[in-house]
$ cat structure_21.cif   # mmCIF, C-alpha atoms
data_model
#
loop_
_atom_site.label_atom_id
_atom_site.label_comp_id
_atom_site.auth_asym_id
_atom_site.auth_seq_id
_atom_site.Cartn_x
_atom_site.Cartn_y
_atom_site.Cartn_z
CA MET A 1 88.46 -32.54 126.11
CA LEU A 2 87.69 -31.12 122.70
CA PRO A 3 89.67 -28.19 121.37
CA SER A 4 87.84 -24.89 121.64
CA PHE A 5 87.53 -22.88 118.49
CA ARG A 6 87.25 -19.14 118.87
CA LYS A 7 86.36 -16.68 116.19
CA PRO A 8 88.91 -13.89 115.80
CA GLU A 9 87.64 -10.58 117.13
CA ASN A 10 88.32 -8.86 113.82
CA ASP A 11 86.04 -11.32 111.98
CA LEU A 12 82.99 -9.34 110.95
CA GLN A 13 80.92 -12.34 109.84
CA SER A 14 78.78 -13.88 112.52
CA GLY A 15 75.44 -15.56 112.89
CA PRO A 16 73.96 -18.77 111.52
CA GLY A 17 75.06 -18.15 107.92
CA ALA A 18 78.70 -17.54 108.76
CA PRO A 19 81.22 -20.09 107.48
CA LEU A 20 82.66 -22.51 110.01
CA PRO A 21 86.39 -22.59 110.71
CA THR A 22 88.11 -25.05 108.37
CA SER A 23 91.24 -25.87 110.35
CA ALA A 24 92.47 -25.86 113.89
CA PRO A 25 95.44 -23.71 114.87
CA PRO A 26 98.74 -25.54 114.47
CA SER A 27 99.86 -27.41 117.57
CA SER A 28 103.31 -27.35 119.08
CA LEU A 29 105.55 -30.36 118.52
CA GLY A 30 105.39 -31.61 122.10
CA ALA A 31 101.63 -31.26 122.45
CA ARG A 32 99.68 -34.46 122.63
CA PRO A 33 96.13 -34.68 121.28
CA SER A 34 93.53 -35.01 123.99
CA ALA A 35 91.21 -37.04 121.77
CA PRO A 36 92.23 -40.53 120.65
CA LEU A 37 93.64 -39.87 117.20
CA MET A 38 94.76 -42.91 115.29
CA ARG A 39 95.45 -43.26 111.61
CA GLY A 40 92.35 -43.41 109.44
CA THR A 41 89.82 -43.41 112.28
CA SER A 42 87.13 -41.92 110.07
CA GLU A 43 87.80 -44.51 107.38
CA ARG A 44 87.31 -47.44 109.80
CA GLY A 45 84.20 -46.12 111.47
CA VAL A 46 83.49 -45.64 115.15
CA ALA A 47 85.75 -47.16 117.78
CA SER A 48 84.33 -49.58 120.33
CA VAL A 49 84.74 -47.97 123.75
CA ILE A 50 85.17 -49.77 127.07
CA GLY A 51 84.09 -47.07 129.52
CA PRO A 52 85.85 -46.22 132.79
CA GLU A 53 83.12 -47.87 134.88
CA LEU A 54 83.37 -51.19 133.01
CA LEU A 55 85.35 -54.28 134.09
CA ILE A 56 85.79 -57.07 131.55
CA THR A 57 87.01 -60.45 132.75
CA GLY A 58 87.90 -62.56 129.74
CA ASN A 59 89.33 -62.09 126.29
CA LEU A 60 88.23 -59.28 124.01
CA ILE A 61 88.32 -59.68 120.21
CA SER A 62 87.47 -56.94 117.70
CA LYS A 63 88.04 -56.52 113.99
CA GLY A 64 88.22 -52.75 114.39
CA GLU A 65 89.46 -50.08 116.74
CA VAL A 66 88.98 -50.48 120.49
CA GLN A 67 89.41 -47.66 123.00
CA ILE A 68 89.77 -48.90 126.56
CA GLU A 69 89.14 -46.52 129.45
CA GLY A 70 88.12 -49.17 132.01
CA GLU A 71 89.66 -52.41 133.22
CA VAL A 72 90.26 -55.60 131.23
CA GLN A 73 91.51 -58.81 132.82
CA GLY A 74 92.28 -60.92 129.78
CA ASP A 75 93.83 -60.72 126.34
CA ILE A 76 92.81 -58.08 123.79
CA HIS A 77 92.93 -58.71 120.03
CA GLY A 78 92.05 -56.02 117.48
CA SER A 79 93.31 -53.99 114.57
CA HIS A 80 93.87 -50.77 116.55
CA ILE A 81 93.94 -50.66 120.35
CA LEU A 82 94.04 -47.47 122.42
CA VAL A 83 94.63 -47.88 126.16
CA GLY A 84 93.37 -44.73 127.90
CA GLU A 85 95.17 -42.93 130.72
CA ARG A 86 93.04 -44.46 133.49
CA ALA A 87 92.75 -47.92 131.90
CA GLN A 88 94.09 -51.04 133.60
CA ILE A 89 94.97 -54.04 131.41
CA THR A 90 96.10 -57.35 132.90
CA GLY A 91 96.81 -59.56 129.92
CA GLY A 92 98.30 -59.48 126.46
CA ILE A 93 97.51 -57.07 123.63
CA ILE A 94 97.74 -58.09 119.97
CA ALA A 95 97.00 -55.51 117.26
CA ASP A 96 98.40 -53.84 114.19
CA GLU A 97 98.61 -50.54 116.07
CA VAL A 98 98.76 -50.11 119.85
CA VAL A 99 98.75 -46.76 121.65
CA VAL A 100 99.24 -46.98 125.42
CA ARG A 101 98.44 -44.11 127.76
CA GLY A 102 97.45 -46.22 130.78
CA HIS A 103 98.61 -49.28 132.71
CA VAL A 104 99.39 -52.61 130.99
CA MET A 105 100.66 -55.69 132.81
CA GLY A 106 101.35 -58.20 130.06
CA SER A 107 102.97 -58.52 126.67
CA ILE A 108 102.18 -56.26 123.74
CA ARG A 109 102.43 -57.48 120.16
CA GLY A 110 101.90 -54.84 117.51
CA LYS A 111 103.28 -53.72 114.19
CA ARG A 112 103.28 -50.13 115.47
CA VAL A 113 103.47 -49.56 119.24
CA LEU A 114 103.45 -46.15 120.94
CA LEU A 115 104.01 -45.75 124.68
CA GLN A 116 102.91 -42.24 125.57
CA THR A 117 104.09 -40.16 128.51
CA SER A 118 101.41 -41.36 130.93
CA SER A 119 101.86 -45.06 130.09
CA HIS A 120 103.01 -47.72 132.56
CA VAL A 121 103.93 -51.00 130.85
CA GLU A 122 105.27 -54.07 132.65
CA GLY A 123 105.85 -56.76 130.06
CA ASP A 124 107.61 -57.53 126.83
CA VAL A 125 106.88 -55.57 123.66
CA TYR A 126 107.15 -57.32 120.29
CA HIS A 127 106.97 -54.77 117.48
CA ASN A 128 107.97 -53.69 114.03
CA THR A 129 108.03 -50.01 115.06
CA LEU A 130 108.25 -48.80 118.66
CA ALA A 131 108.10 -45.24 119.98
CA ILE A 132 108.46 -44.39 123.66
CA GLU A 133 107.74 -40.83 124.77
CA GLN A 134 109.81 -39.20 127.47
CA GLY A 135 108.30 -39.96 130.87
CA ALA A 136 106.73 -43.29 129.89
CA PHE A 137 107.38 -46.23 132.25
CA PHE A 138 108.47 -49.44 130.52
CA GLU A 139 109.88 -52.49 132.26
CA GLY A 140 110.42 -55.51 130.05
CA LYS A 141 112.10 -56.56 126.84
CA SER A 142 111.70 -54.90 123.48
CA ARG A 143 111.91 -57.30 120.55
CA ARG A 144 111.79 -56.08 116.97
CA THR A 145 110.28 -58.53 114.48
CA ASP A 146 108.90 -58.20 110.96
CA ASP A 147 105.42 -59.49 111.86
CA PRO A 148 104.90 -59.56 115.62
CA THR A 149 101.22 -60.55 115.31
CA ALA A 150 101.74 -63.60 113.07
CA GLY A 151 100.52 -66.85 114.57
CA PHE A 152 99.04 -65.38 117.74
CA GLY A 153 95.34 -66.03 117.22
CA ARG A 154 94.38 -62.78 115.52
CA PHE A 155 90.91 -62.84 113.99
CA ASP A 156 92.25 -62.67 110.44
CA HIS A 157 94.57 -65.66 110.73
CA PRO A 158 93.13 -69.02 109.66
CA SER A 159 94.59 -70.72 112.73
CA SER A 160 92.22 -68.77 114.97
CA ALA A 161 89.07 -69.50 112.97
CA PRO A 162 86.70 -71.80 114.82
CA ALA A 163 86.82 -75.38 113.67
CA PRO A 164 83.86 -76.35 111.49
CA VAL A 165 81.14 -78.19 113.35
CA PRO A 166 80.41 -81.57 111.78
CA GLN A 167 76.85 -81.78 110.48
CA ARG A 168 74.72 -84.61 111.77
CA SER A 169 72.25 -86.34 109.55
CA ALA A 170 68.61 -86.50 110.59
CA ALA A 171 68.64 -90.33 110.92
CA PRO A 172 70.52 -91.92 113.82
CA PRO A 173 73.62 -93.88 112.87
CA VAL A 174 73.03 -97.54 112.03
CA PRO A 175 75.14 -99.96 114.09
CA PRO A 176 77.09 -102.62 112.17
CA PRO A 177 75.36 -106.04 111.89
CA LEU A 178 76.14 -108.54 114.60
CA THR A 179 77.94 -111.67 113.54
CA ALA A 180 78.08 -114.85 115.53
CA ALA A 181 81.48 -115.84 116.78
CA PRO A 182 82.58 -119.42 116.13
CA ALA A 183 82.01 -121.69 119.08
CA ALA A 184 85.05 -122.40 121.17
CA PRO A 185 85.90 -126.05 121.78
CA SER A 186 84.39 -127.31 125.01
CA LEU A 187 86.68 -128.38 127.78
CA ASP A 188 83.96 -130.50 129.46
CA PRO A 189 84.85 -134.23 129.02
CA VAL A 190 81.20 -135.30 129.23
CA THR A 191 79.76 -133.03 126.52
CA GLY A 192 82.82 -133.17 124.51
#
$ encode --input "structure_21.cif" --output "structure tokens"
Amino acid sequence: MLPSFRKPENDLQSGPGAPLPTSAPPSSLGARPSAPLMRGTSERGVASVIGPELLITGNLISKGEVQIEGEVQGDIHGSHILVGERAQITGGIIADEVVVRGHVMGSIRGKRVLLQTSSHVEGDVYHNTLAIEQGAFFEGKSRRTDDPTAGFGRFDHPSSAPAPVPQRSAAPPVPPPLTAAPAAPSLDPVTG
């Protein structure tokens, strides 16, 4: 739900030429944004969205931000992952930043992990920074580590790059020349 902006009643300017409001009213400390706000969203571009009617069976890999509102049965790799309130994840999550509002059954590996009030996480969380809001459900181990995503097949690690495919030449391979084996001594007394 987008915030509604209302013009103050004492504002005399109206119509198409009137200036637009430049800032939203300040929010209270406990208020949570209804839109998925993650650091630098506008700098990275548009997030890839897995809608609520979508089921993905298999691994999901993205170099950017992924917002999941549907169901994923597999591992998710990305730079920024947002698990929506109605999302269901069965598998691991690996990202620099992970915000969970929905249900995750599996491990989470992220440099910055936030479990919001509506989240339900059953699995271990490996993190550099972890924040858990009051009311969030978390059952598992929390392990702090300097780089929780290192060596886990992220798209920017060389270990996860596909192996180069050997190039075949146009001509078929030439078999080695056949050589005659020396004759074995005969065991026949007649031929000798």
$ resolve_selection --input "structure_21.cif" --expression "the PyMOL selection byres ((chain A and resi 76) around 6)" --output "PyMOL selection string"
chain A and resi 59-61+75+77+93
$ closest_residue --input "structure_21.cif" --among "A:Ala87, A:Ala131, A:Val49, A:Ile94" --to "Gly151 (chain A)" --atoms "only C-alpha atoms"
A:Ile94
$ closest_residue --input "structure_21.cif" --among "A:Arg143, A:His103, A:Lys111, A:His127" --to "Gly91 (chain A)" --atoms "all atoms listed in the file"
A:His103
$ atom_distance --input "structure_21.cif" --atom1 "CA of Gly135 (chain A)" --atom2 "CA of Val72 (chain A)"
23.9 Å
$ closest_residue --input "structure_21.cif" --among "A:Leu115, A:Val125, A:Ile132, A:Leu55" --to "Thr145 (chain A)" --atoms "only C-alpha atoms"
A:Val125
$ resolve_selection --input "structure_21.cif" --expression "the PyMOL selection byres ((chain A and resi 134) around 12)" --output "PyMOL selection string"
chain A and resi 30+114-119+131-133+135-138
$ atom_distance --input "structure_21.cif" --atom1 "CA of Ala150 (chain A)" --atom2 "CA of Gly110 (chain A)"
9.8 Å
$ closest_residue --input "structure_21.cif" --among "A:Ser107, A:Thr57, A:Gln88, A:Ser142" --to "Gln73 (chain A)" --atoms "only C-alpha atoms"
A:Thr57
$ closest_residue --input "structure_21.cif" --among "A:Thr129, A:Thr90, A:Thr149, A:Ser48" --to "Ile68 (chain A)" --atoms "only C-alpha atoms"
A:Ser48
